[in-house]
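Heads up, start_32.cif below (mmCIF, C-alpha atoms):
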data_data
loop_
_atom_site.label_atom_id
_atom_site.label_comp_id
_atom_site.auth_asym_id
_atom_site.auth_seq_id
_atom_site.Cartn_x
_atom_site.Cartn_y
_atom_site.Cartn_z
CA MET A 1 45.45 12.19 -40.18
CA SER A 2 48.05 13.27 -42.74
CA GLU A 3 51.00 15.43 -41.71
CA LEU A 4 49.97 18.65 -39.97
CA VAL A 5 51.73 21.81 -41.11
CA LEU A 6 51.48 25.12 -39.28
CA HIS A 7 52.50 28.43 -40.84
CA ASP A 8 53.49 30.15 -37.68
CA ASP A 9 54.95 33.29 -36.08
CA GLU A 10 56.49 32.66 -32.67
CA LEU A 11 55.48 36.10 -31.32
CA ASP A 12 51.90 36.04 -32.62
CA GLU A 13 49.26 35.13 -30.09
CA ASP A 14 46.92 33.70 -32.72
CA CYS A 15 49.61 31.23 -33.75
CA TYR A 16 50.20 30.48 -30.08
CA ARG A 17 46.53 29.54 -29.66
CA VAL A 18 47.00 26.77 -32.20
CA ARG A 19 50.45 25.69 -30.96
CA LEU A 20 49.00 25.43 -27.45
CA PHE A 21 46.01 23.40 -28.59
CA LEU A 22 48.18 21.06 -30.68
CA SER A 23 50.36 20.47 -27.64
CA LEU A 24 47.39 19.85 -25.33
CA LEU A 25 46.11 17.29 -27.87
CA GLY A 26 49.53 15.65 -28.05
CA LEU A 27 49.80 16.38 -31.80
CA GLN A 28 52.93 17.37 -33.70
CA ALA A 29 52.89 19.82 -36.59
CA ARG A 30 55.73 20.76 -38.90
CA ARG A 31 56.19 24.48 -38.33
CA VAL A 32 56.92 26.90 -41.17
CA ALA A 33 58.08 30.24 -39.77
CA VAL A 34 56.48 33.40 -41.19
CA ASP A 35 58.57 36.51 -40.57
CA VAL A 36 55.95 39.11 -39.58
CA VAL A 37 58.17 41.58 -37.67
CA PRO A 38 60.22 42.98 -39.28
CA GLY A 39 59.80 40.96 -42.50
CA GLY A 40 56.13 41.59 -43.22
CA GLN A 41 55.99 38.23 -45.01
CA GLN A 42 52.29 37.85 -44.23
CA ASP A 43 51.65 40.56 -46.83
CA GLY A 44 53.99 39.12 -49.46
CA PRO A 45 52.69 37.36 -52.56
CA ALA A 46 54.05 33.93 -51.57
CA PHE A 47 52.13 33.86 -48.29
CA ARG A 48 49.01 35.41 -49.84
CA VAL A 49 48.78 32.40 -52.14
CA ILE A 50 48.38 30.27 -49.00
CA SER A 51 46.32 32.75 -46.97
CA PRO A 52 44.58 35.24 -49.30
CA ALA A 53 43.68 37.65 -46.47
CA GLY A 54 47.09 37.37 -44.84
CA MET A 55 45.62 35.69 -41.78
CA LEU A 56 47.90 33.79 -39.44
CA PRO A 57 48.22 31.02 -38.58
CA VAL A 58 47.52 28.62 -41.44
CA LEU A 59 46.99 24.99 -40.51
CA HIS A 60 47.23 22.33 -43.20
CA ILE A 61 45.00 19.49 -42.11
CA ASP A 62 43.63 16.64 -44.23
CA GLY A 63 44.75 18.40 -47.39
CA GLN A 64 43.01 21.65 -46.49
CA ALA A 65 44.55 25.01 -45.67
CA VAL A 66 42.61 26.46 -42.72
CA CYS A 67 43.33 30.17 -42.15
CA GLY A 68 42.98 31.96 -38.83
CA ALA A 69 43.14 30.80 -35.21
CA GLU A 70 39.45 30.22 -34.49
CA ALA A 71 39.01 28.18 -37.69
CA ALA A 72 42.11 26.11 -36.97
CA LEU A 73 40.96 25.47 -33.39
CA LEU A 74 37.58 24.28 -34.67
CA ALA A 75 39.19 22.05 -37.29
CA LEU A 76 41.37 20.41 -34.63
CA ALA A 77 38.51 20.12 -32.11
CA HIS A 78 36.11 18.49 -34.57
CA GLY A 79 35.14 15.03 -33.32
CA ARG A 80 36.55 15.70 -29.83
CA PRO A 81 33.45 16.40 -27.72
CA ALA A 82 35.51 17.14 -24.60
CA TRP A 83 36.92 20.19 -26.39
CA LEU A 84 33.92 21.03 -28.58
CA PRO A 85 30.71 19.97 -26.83
CA GLU A 86 28.05 18.29 -28.96
CA GLY A 87 25.00 19.38 -26.98
CA ARG A 88 23.45 22.48 -28.50
CA ALA A 89 23.48 24.63 -25.35
CA GLU A 90 27.15 24.13 -24.56
CA PHE A 91 28.13 24.20 -28.22
CA ALA A 92 26.36 27.57 -28.47
CA GLN A 93 28.29 28.92 -25.50
CA VAL A 94 31.61 27.84 -26.98
CA ALA A 95 30.58 29.44 -30.29
CA HIS A 96 29.74 32.64 -28.42
CA TRP A 97 33.21 32.84 -26.86
CA LEU A 98 34.98 31.99 -30.12
CA GLN A 99 33.12 34.85 -31.76
CA PHE A 100 34.08 37.12 -28.86
CA ALA A 101 37.73 36.09 -29.14
CA GLY A 102 37.70 36.93 -32.85
CA GLY A 103 35.72 40.16 -32.30
CA PRO A 104 35.85 42.55 -29.32
CA LEU A 105 38.83 40.78 -27.73
CA ARG A 106 40.95 41.56 -30.82
CA ALA A 107 41.39 44.97 -29.16
CA ALA A 108 43.72 43.33 -26.60
CA ALA A 109 45.90 41.75 -29.32
CA ARG A 110 46.05 45.10 -31.14
CA MET A 111 47.08 46.90 -27.95
CA ARG A 112 49.82 44.33 -27.35
CA ARG A 113 51.09 44.65 -30.90
CA ALA A 114 51.03 48.45 -30.66
CA CYS A 115 53.03 48.37 -27.40
CA LEU A 116 55.56 45.74 -28.49
CA PHE A 117 56.21 46.79 -32.08
CA GLU A 118 54.85 50.29 -32.66
CA GLY A 119 56.04 52.16 -29.58
CA ALA A 120 52.62 52.84 -28.09
CA GLY A 121 52.91 53.97 -24.47
CA ASP A 122 50.66 53.32 -21.51
CA ALA A 123 48.66 56.53 -21.84
CA GLN A 124 44.90 56.12 -21.67
CA SER A 125 43.24 55.95 -25.08
CA ASP A 126 40.02 54.73 -26.66
CA ARG A 127 41.69 51.59 -27.95
CA ARG A 128 43.22 50.83 -24.54
CA ARG A 129 39.81 51.27 -22.91
CA ALA A 130 38.23 48.97 -25.49
CA ALA A 131 40.87 46.33 -24.75
CA VAL A 132 40.40 46.67 -20.98
CA ALA A 133 36.62 46.47 -21.44
CA ALA A 134 36.97 43.21 -23.41
CA LEU A 135 39.22 41.67 -20.74
CA ARG A 136 36.71 42.74 -18.09
CA ILE A 137 33.94 40.85 -19.90
CA VAL A 138 35.97 37.66 -19.55
CA GLU A 139 36.83 38.52 -15.93
CA ASP A 140 33.18 39.18 -15.05
CA HIS A 141 32.11 35.93 -16.71
CA LEU A 142 34.72 33.88 -14.85
CA ALA A 143 33.88 35.62 -11.55
CA HIS A 144 30.26 34.50 -11.99
CA ARG A 145 31.33 31.01 -13.06
CA ARG A 146 33.33 30.68 -9.88
CA LEU A 147 30.29 31.46 -7.72
CA GLU A 148 28.65 28.30 -9.05
CA GLY A 149 31.84 26.27 -8.61
CA GLY A 150 32.94 26.49 -12.25
CA CYS A 151 36.55 26.96 -13.21
CA TRP A 152 36.28 26.97 -17.03
CA VAL A 153 34.67 29.31 -19.55
CA VAL A 154 31.99 26.73 -20.48
CA GLY A 155 30.96 23.56 -18.63
CA GLU A 156 33.02 21.33 -16.37
CA GLY A 157 36.26 21.12 -18.35
CA PRO A 158 38.44 23.07 -20.75
CA THR A 159 37.09 23.64 -24.28
CA VAL A 160 38.34 25.45 -27.36
CA GLY A 161 36.62 28.49 -25.81
CA ASP A 162 39.29 28.54 -23.09
CA ILE A 163 42.09 28.14 -25.64
CA ALA A 164 40.71 30.95 -27.81
CA LEU A 165 40.51 33.38 -24.87
CA PHE A 166 43.68 32.35 -23.02
CA PRO A 167 46.46 34.37 -24.73
CA ALA A 168 44.71 37.73 -24.30
CA ALA A 169 44.56 37.13 -20.54
CA ALA A 170 48.00 35.61 -20.19
CA LEU A 171 49.71 38.33 -22.25
CA CYS A 172 47.94 41.46 -21.01
CA ARG A 173 51.01 42.52 -19.00
CA ASP A 174 52.73 43.08 -22.36
CA TRP A 175 50.53 46.15 -22.79
CA GLY A 176 50.58 47.25 -19.15
CA GLU A 177 47.48 45.58 -17.71
CA GLU A 178 48.41 43.97 -14.41
CA HIS A 179 46.91 40.68 -13.32
CA ALA A 180 46.29 42.22 -9.88
CA ALA A 181 43.13 43.81 -11.31
CA TYR A 182 41.75 40.47 -12.55
CA PRO A 183 41.54 37.83 -9.78
CA ALA A 184 39.19 35.54 -11.72
CA LEU A 185 41.40 35.64 -14.82
CA ARG A 186 44.42 34.90 -12.66
CA ARG A 187 42.85 31.79 -11.17
CA TRP A 188 41.78 30.55 -14.60
CA VAL A 189 45.20 31.23 -16.12
CA ARG A 190 46.68 29.00 -13.41
CA ALA A 191 44.16 26.28 -14.27
CA VAL A 192 45.07 26.44 -17.98
CA ARG A 193 48.78 26.40 -17.12
CA ALA A 194 48.23 23.21 -15.11
CA LEU A 195 46.77 21.28 -18.10
CA PRO A 196 48.94 18.37 -19.28
CA GLY A 197 50.87 19.44 -22.38
CA PHE A 198 50.69 23.18 -21.63
CA VAL A 199 53.33 25.22 -23.44
CA THR A 200 54.29 28.89 -23.11
CA MET A 201 55.21 31.58 -25.63
CA PRO A 202 57.41 34.67 -25.21
CA GLY A 203 55.66 36.89 -22.65
CA ILE A 204 54.18 33.98 -20.70
CA PRO A 205 56.67 33.03 -17.99
CA ASP A 206 57.96 29.48 -17.81
CA TYR A 207 58.65 28.78 -14.13
CA GLY A 208 60.76 25.74 -14.99
CA MET B 1 48.24 59.36 2.53
CA GLY B 2 44.76 60.10 3.78
CA MET B 3 44.10 59.18 7.37
CA SER B 4 41.33 56.78 7.99
CA ARG B 5 39.53 55.38 10.97
CA ASP B 6 40.84 51.97 9.92
CA GLY B 7 44.32 52.81 11.21
CA GLY B 8 47.06 51.70 8.87
CA TRP B 9 45.37 48.51 7.66
CA TYR B 10 44.55 48.07 3.99
CA PRO B 11 42.45 45.24 2.49
CA LEU B 12 44.66 43.84 -0.31
CA VAL B 13 42.93 40.72 -1.64
CA LEU B 14 40.15 38.31 -0.76
CA SER B 15 41.69 35.41 1.17
CA ALA B 16 40.04 33.03 -1.31
CA ASP B 17 41.92 34.70 -4.18
CA LEU B 18 45.33 34.00 -2.65
CA GLU B 19 45.80 30.27 -3.07
CA PRO B 20 48.68 28.45 -1.35
CA CYS B 21 52.01 28.73 -3.17
CA THR B 22 50.93 31.65 -5.36
CA VAL B 23 51.93 35.31 -5.56
CA VAL B 24 50.07 38.38 -6.82
CA GLY B 25 50.81 42.08 -7.04
CA SER B 26 48.89 44.76 -5.19
CA VAL B 27 49.18 48.53 -4.92
CA VAL B 28 48.37 50.78 -1.94
CA HIS B 29 48.41 54.49 -2.73
CA GLY B 30 50.97 53.86 -5.45
CA ARG B 31 53.21 51.64 -3.28
CA GLU B 32 53.72 48.35 -5.12
CA LEU B 33 53.48 45.18 -3.06
CA ALA B 34 53.95 41.45 -3.62
CA VAL B 35 51.37 39.34 -1.80
CA TRP B 36 52.06 35.62 -1.48
CA ARG B 37 50.96 32.59 0.47
CA ASP B 38 53.35 29.84 1.52
CA GLY B 39 52.65 26.11 1.56
CA GLN B 40 51.53 26.27 5.19
CA GLY B 41 48.86 28.82 4.30
CA GLN B 42 50.57 31.85 5.84
CA ALA B 43 50.18 35.10 3.85
CA HIS B 44 53.14 37.46 3.35
CA VAL B 45 53.28 41.01 2.00
CA TRP B 46 56.55 42.54 0.84
CA ASP B 47 57.59 45.52 -1.19
CA ASP B 48 57.40 44.37 -4.79
CA ARG B 49 61.12 44.66 -5.50
CA CYS B 50 63.79 41.99 -5.56
CA PRO B 51 66.79 43.12 -3.44
CA HIS B 52 69.07 41.79 -6.19
CA ARG B 53 68.13 43.70 -9.35
CA GLY B 54 64.87 45.41 -8.47
CA MET B 55 62.70 43.02 -10.49
CA ARG B 56 59.09 42.84 -9.36
CA LEU B 57 58.73 39.83 -7.06
CA SER B 58 55.03 39.56 -7.89
CA LEU B 59 56.06 38.24 -11.32
CA GLY B 60 57.89 35.38 -9.60
CA PHE B 61 56.72 32.07 -8.19
CA VAL B 62 56.63 30.15 -4.93
CA ARG B 63 59.03 27.21 -4.60
CA GLU B 64 59.84 25.15 -1.51
CA GLY B 65 58.22 27.61 0.87
CA ALA B 66 60.07 30.60 -0.56
CA LEU B 67 59.22 33.34 -3.05
CA ALA B 68 61.47 33.10 -6.13
CA CYS B 69 62.29 36.03 -8.39
CA LEU B 70 61.57 35.37 -12.08
CA TYR B 71 64.76 37.17 -13.16
CA HIS B 72 67.62 35.18 -11.57
CA GLY B 73 65.69 32.79 -9.36
CA TRP B 74 66.88 34.16 -6.02
CA ARG B 75 64.59 32.76 -3.34
CA PHE B 76 63.41 34.53 -0.19
CA GLY B 77 61.94 32.75 2.83
CA ALA B 78 59.01 33.74 5.03
CA ASP B 79 61.11 36.22 7.04
CA GLY B 80 62.29 37.91 3.84
CA ARG B 81 65.84 36.57 4.01
CA CYS B 82 67.47 35.23 0.88
CA VAL B 83 67.74 31.45 1.17
CA HIS B 84 68.95 30.38 -2.27
CA ILE B 85 70.91 31.84 -5.19
CA PRO B 86 70.81 29.42 -8.17
CA ALA B 87 74.05 30.76 -9.71
CA HIS B 88 75.86 30.02 -6.41
CA PRO B 89 74.06 26.93 -5.10
CA ASP B 90 76.66 26.24 -2.39
CA LEU B 91 76.64 29.78 -1.01
CA SER B 92 74.79 30.50 2.22
CA PRO B 93 73.45 33.98 1.43
CA PRO B 94 74.29 36.66 4.03
CA GLY B 95 71.41 37.84 6.22
CA THR B 96 71.69 41.35 4.88
CA ILE B 97 70.14 40.24 1.57
CA ARG B 98 66.46 40.38 2.38
CA ALA B 99 63.11 41.48 1.05
CA ALA B 100 61.09 44.06 2.98
CA PRO B 101 58.13 42.44 4.80
CA LEU B 102 55.14 44.45 5.98
CA ARG B 103 52.85 43.53 8.87
CA VAL B 104 50.11 41.19 7.67
CA ALA B 105 46.81 40.14 9.17
CA GLU B 106 44.13 37.85 7.82
CA GLY B 107 40.56 38.27 8.96
CA HIS B 108 36.97 38.75 7.73
CA GLY B 109 37.87 36.89 4.53
CA LEU B 110 40.60 39.37 3.57
CA VAL B 111 44.38 39.67 3.58
CA TRP B 112 45.34 43.01 5.16
CA ALA B 113 48.68 44.77 5.30
CA SER B 114 49.73 47.72 7.40
CA VAL B 115 51.71 50.40 5.61
CA GLN B 116 51.88 52.76 8.59
CA ASP B 117 51.46 52.50 12.35
CA ALA B 118 48.60 50.12 12.77
CA GLY B 119 46.07 49.73 15.54
CA PRO B 120 43.78 46.74 15.84
CA LEU B 121 42.33 45.27 12.66
CA PRO B 122 39.16 47.14 11.70
CA GLY B 123 35.77 45.50 11.62
CA ASP B 124 34.34 44.74 15.08
CA GLU B 125 30.95 44.49 13.46
CA ALA B 126 32.29 42.26 10.71
CA ALA B 127 33.60 39.80 13.30
CA LYS B 128 30.03 38.80 14.19
CA GLU B 129 29.43 37.09 10.83
CA THR B 130 30.94 34.46 8.59
CA TRP B 131 31.64 35.94 5.16
CA LEU B 132 31.42 34.24 1.78
CA PRO B 133 33.68 35.67 -0.94
CA VAL B 134 31.82 37.12 -3.94
CA ARG B 135 34.52 38.86 -5.94
CA SER B 136 37.02 41.72 -6.14
CA LEU B 137 37.02 44.16 -9.00
CA ARG B 138 39.04 47.14 -10.05
CA ILE B 139 37.28 50.48 -10.42
CA GLU B 140 38.85 53.41 -12.26
CA ALA B 141 37.50 55.99 -9.80
CA PRO B 142 38.71 57.42 -6.46
CA TRP B 143 38.12 55.06 -3.53
CA ASP B 144 36.41 57.68 -1.40
CA ASP B 145 33.86 58.41 -4.13
CA VAL B 146 33.03 54.69 -4.30
CA ALA B 147 32.90 54.58 -0.47
CA ARG B 148 30.33 57.38 -0.41
CA ALA B 149 28.31 55.83 -3.21
CA ILE B 150 27.88 52.49 -1.48
CA GLY B 151 27.22 54.00 1.95
CA MET B 152 30.45 52.96 3.63
CA PRO B 153 30.52 54.23 7.25
CA ASP B 154 32.21 57.61 7.23
CA GLY B 155 35.99 57.52 7.02
CA HIS B 156 36.25 53.75 6.74
CA ARG B 157 37.76 51.59 4.01
CA ALA B 158 35.84 48.53 5.14
CA GLY B 159 32.41 48.11 6.61
CA VAL B 160 29.21 46.12 6.82
CA LEU B 161 26.53 47.51 4.51
CA ASP B 162 22.79 47.08 4.90
CA ARG B 163 21.70 49.25 1.99
CA ASP B 164 21.39 48.85 -1.79
CA VAL B 165 21.15 45.07 -1.58
CA GLU B 166 19.24 42.43 0.34
CA GLY B 167 21.00 41.25 3.45
CA ARG B 168 24.36 42.14 4.86
CA VAL B 169 27.44 42.75 2.76
CA LEU B 170 31.04 43.25 3.82
CA ALA B 171 32.59 45.76 1.43
CA ALA B 172 36.26 46.71 1.55
CA LEU B 173 38.05 49.28 -0.59
CA LEU B 174 41.73 49.35 -1.46
CA PRO B 175 42.97 52.74 -2.70
CA VAL B 176 45.33 51.80 -5.55
CA GLY B 177 46.17 55.31 -6.65
CA ALA B 178 44.60 58.74 -6.96
CA GLY B 179 41.93 57.60 -9.40
CA ALA B 180 41.62 53.84 -8.95
CA CYS B 181 40.64 51.32 -6.32
CA MET B 182 39.78 47.68 -5.79
CA LEU B 183 36.37 46.81 -4.32
CA HIS B 184 36.12 43.53 -2.40
CA VAL B 185 32.63 42.17 -1.83
CA GLN B 186 31.51 39.38 0.51
CA ALA B 187 28.10 38.13 1.57
CA ALA B 188 27.04 37.13 5.08
CA ALA B 189 26.60 33.37 5.37
CA PRO B 190 24.39 31.58 4.69
CA ALA B 191 23.70 32.81 1.15
CA GLU B 192 22.26 31.04 -1.89
CA VAL B 193 24.25 31.05 -5.14
CA GLU B 194 21.61 33.34 -6.69
CA ARG B 195 22.32 35.94 -4.03
CA LEU B 196 26.05 35.74 -4.73
CA HIS B 197 25.35 36.31 -8.45
CA ASP B 198 23.15 39.30 -7.56
CA LEU B 199 25.94 40.78 -5.44
CA ALA B 200 28.49 40.28 -8.23
CA ASP B 201 26.11 42.13 -10.57
CA TRP B 202 25.67 44.86 -7.96
CA ALA B 203 29.45 45.28 -7.75
CA GLN B 204 29.64 45.63 -11.55
CA ASP B 205 26.89 48.24 -11.36
CA VAL B 206 28.81 50.14 -8.65
CA ARG B 207 31.84 50.06 -10.96
CA ALA B 208 29.91 51.34 -13.99
CA ARG B 209 28.33 54.22 -12.08
CA ALA B 210 31.54 55.28 -10.34
CA GLU B 211 33.49 55.24 -13.58
CA GLU B 212 30.79 57.26 -15.31
CA ARG B 213 31.04 59.91 -12.57
CA ALA B 214 34.82 59.86 -13.01
CA GLY B 215 34.53 60.27 -16.78
CA GLN B 216 36.06 56.83 -17.38
CA VAL B 217 33.94 54.77 -19.73
CA PHE B 218 35.15 51.34 -20.82
CA LEU B 219 33.14 50.06 -23.76
CA ALA B 220 34.09 46.84 -25.51
CA GLY B 221 33.78 46.69 -29.27
CA SER B 222 33.80 50.48 -29.54
CA VAL B 223 37.04 50.73 -31.50
CA ALA B 224 37.28 49.10 -34.91
#
Would you mind giving the structure from this file in C-alpha cells?
Amino acid sequence: MSELVLHDDELDEDCYRVRLFLSLLGLQARRVAVDVVPGGQQDGPAFRVISPAGMLPVLHIDGQAVCGAEAALLALAHGRPAWLPEGRAEFAQVAHWLQFAGGPLRAAARMRRACLFEGAGDAQSDRRRAAVAALRIVEDHLAHRRLEGGCWVVGEGPTVGDIALFPAAALCRDWGEEHAAYPALRRWVRAVRALPGFVTMPGIPDYG
Amino acid sequence: MGMSRDGGWYPLVLSADLEPCTVVGSVVHGRELAVWRDGQGQAHVWDDRCPHRGMRLSLGFVREGALACLYHGWRFGADGRCVHIPAHPDLSPPGTIRAAPLRVAEGHGLVWASVQDAGPLPGDEAAKETWLPVRSLRIEAPWDDVARAIGMPDGHRAGVLDRDVEGRVLAALLPVGAGACMLHVQAAAPAEVERLHDLADWAQDVRARAEERAGQVFLAGSVA
C-alpha cells in the first residue's frame, strides 16, 4: 500500500470515523488539516479540486482520492473479511447500517454541529426529534442483539458498521442527549472503547 | 413529589445494565444522580455533583474501587469520602470532602434508590419469581400515563403484569421529570429468546403509543 493521506478536520465526526478505523487497523496516514470552523476551507476552490462536493474526509489510497466517511471505511475494509463480511447475508446487514449512518443518522451529526457551532439550544424541535429517533433505532437494534447474546451491530465481532455508527452514539452528549436514556448504546460504546487501538476525539472522554 | 405505594424507592436501572466498575447517570423527578458499581459488585447512588467543582460525577469513571471525577480526577470511595486528589497526591483529604450517598437496594433485577423516607422494598409478588432482563427504554410521556396504559397496579411504580403479553412481566417505571420516564421490562424465568424479543417489541409499542398520546412523535428521516 502506498502512503495513506487523510484530509481531516479534528472536530468532524466523519473524519473521526476514518481516524478511528485507521488506528484500529494499525495503519498510519499523513494528516492534512482542513480548517472547517471558522475557515470554511471545505468550500474553497483548493479543497473542491480534491473533493468536488466538499465532502470530508478525503482518503488517498492506492493513488485514488476517496471522498466521504462511508466510502473511505469501505476502501480500508476491502479484503479484510473480519471488518467487511464476505457472506451475502452479513455483508447486506453491514451495507444496511452504512446506508443508515449516511442517511437518517446524519440528523445527529447536524444537531451536534448546530449546538457546537451555530448556537442551537436544547429546545425541542423537528430536527432534534429526528436525531433522537435515529439514535433510538440503533438503541433498539442493539437491545435486541443483546437478547441473543450479541454485542456488535452485525455478527460476532466489530465491523465497519460499528465504526460508521459509533461517533453519533459517543458524541450525543454534545447536543444534550444523555447516555442514561440509552443503556444498549452505552454497553456497546464501552465495547468499542475496549478495542485494541481505540482512539478518542474531542467530546469523547479519555479516561487515561 | 407524588406519593406512591412504593414508599420512597425508585427503580433506577436494570442490574444487568450496571456492570462492575462503570457509572451512569439517572434522574428521579428532576434530581440528577450518579449510579455506579464498584469492583466488588456493590451499587452506589450519589447526587450527580462533584463536591469540588460541581462537575457531574456520572461523566467520570471508576478507578481502584472509587468513583473519579472527569474534571480534576478527585476520587471518592464507597462511603462518599474523598480518597485521592491527583494534584496533591500526598495529601490525605479531610473527611468533610464527600459526595452525597443515597440509600441503595438491589432486588428483582433492579437497582433502587430511596430519595425520601423509605419503607421496605416494593414487590412482594415479584419476589416469587426469577426475572430475566429484557431492556430499559426512555419514554417521552408522564410515568403515570404509561403506568395506566400497561395496567400497573394502582399507585405503584413497579409491579407484576399479566396482561397485554403472554406470561408474567415485571415492569418498573422511573419518573425522570414531568413528561418523561424510563420503563424497565423483565420476563419471568424461564423464557425463550423469542419471548424476550417479543417483550422488547412490546415495550417499543408501549413507548410509541404513550408518546403519541403525549403529542411527542419521534420519526427518523423526517427532516432533510
Could you list, as a ChimeraX atom specification, every residue of chain B that has an atom within 9 Å of an atom of chain A, counting all atoms listed in the file?
/B:13,17-19,24-27,59-61,70,133-139,182,193-194,196-197,200-201,204,216-224
Rounded to one decimal place, report the CA of Val66 (chain A)-CA of Ser23 (chain A) distance in Å.
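A separation of 18.0 Å between them.
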Quick one: distance from CA of Cys172 (chain A) to CA of Ala92 (chain A) in Å, one decimal?
26.7 Å
Selected by the PyMOL selection byres ((chain A and resi 9) around 9) in the shown coordinates: which residues, as a list in words?
His7, Asp8, Glu10, Leu11, Asp12, Glu13, Asp14, Cys15, Tyr16, Val32, Ala33, Val34, Asp35, Val36, Leu56 and Pro57 of chain A
Shortest interatomic distance to Leu25 (chain A) - which of A:Gly40, A:Gly197, A:Val138, A:Phe117, counting all atoms listed in the file
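Checking each candidate against Leu25 (chain A), we get A:Gly197 as the closest.
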d(CA of His141 (chain A), CA of Gly155 (chain A)) in Å:
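CA of His141 (chain A) sits 12.6 Å away from CA of Gly155 (chain A).
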Starting from the displayed file, determine the output of the PyMOL selection byres ((chain B and resi 148) around 12) and express the residue list as a PyMOL selection string.
chain B and resi 141-147+149-159+161+171+173+206+210
Go ahead and save the picked residues with C-alpha atoms, as a CSV table (one decimal), keeping the file's coordinate frame.
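Result file result_8.csv:
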chain,number,residue,atom,x,y,z
B,141,ALA,CA,37.5,56.0,-9.8
B,142,PRO,CA,38.7,57.4,-6.5
B,143,TRP,CA,38.1,55.1,-3.5
B,144,ASP,CA,36.4,57.7,-1.4
B,145,ASP,CA,33.9,58.4,-4.1
B,146,VAL,CA,33.0,54.7,-4.3
B,147,ALA,CA,32.9,54.6,-0.5
B,149,ALA,CA,28.3,55.8,-3.2
B,150,ILE,CA,27.9,52.5,-1.5
B,151,GLY,CA,27.2,54.0,2.0
B,152,MET,CA,30.4,53.0,3.6
B,153,PRO,CA,30.5,54.2,7.2
B,154,ASP,CA,32.2,57.6,7.2
B,155,GLY,CA,36.0,57.5,7.0
B,156,HIS,CA,36.2,53.8,6.7
B,157,ARG,CA,37.8,51.6,4.0
B,158,ALA,CA,35.8,48.5,5.1
B,159,GLY,CA,32.4,48.1,6.6
B,161,LEU,CA,26.5,47.5,4.5
B,171,ALA,CA,32.6,45.8,1.4
B,173,LEU,CA,38.0,49.3,-0.6
B,206,VAL,CA,28.8,50.1,-8.6
B,210,ALA,CA,31.5,55.3,-10.3
Written as a ChimeraX atom specification, what is the full residue list that the PyMOL selection byres ((chain A and resi 82) around 10) yields on the file shown?
/A:77,79-81,83-86,155-160
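Residue nearest Glu106 (chain B), chosen from B:Arg81, B:Gly39, B:Pro122, B:Pro51 and counting only C-alpha atoms: B:Pro122.
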Any idea what's packed within 8 Å of region 43-45 of chain B, counting only C-alpha atoms, ignoring anything in its chain fewer than 6 positions away? Could you give it as a list of chain:residue names?
B:Leu33, B:Ala34, B:Val35, B:Trp36, B:Arg37, B:Ala78, B:Pro101, B:Leu102, B:Arg103, B:Val104, B:Glu106, B:Val111, B:Ala113
Shell around Thr130 (chain B) at 9 Å using all atoms listed in the file, local window under 5 positions removed, as number ranges by chain
B: 108-109, 187-190
Find the residue from A:Cys151, A:Met111, A:Leu4, A:Met201 that sits nearest to Asp174 (chain A); use only C-alpha atoms when measuring.
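Ranking A:Cys151, A:Met111, A:Leu4, A:Met201 by distance to Asp174 (chain A), first place goes to A:Met111.
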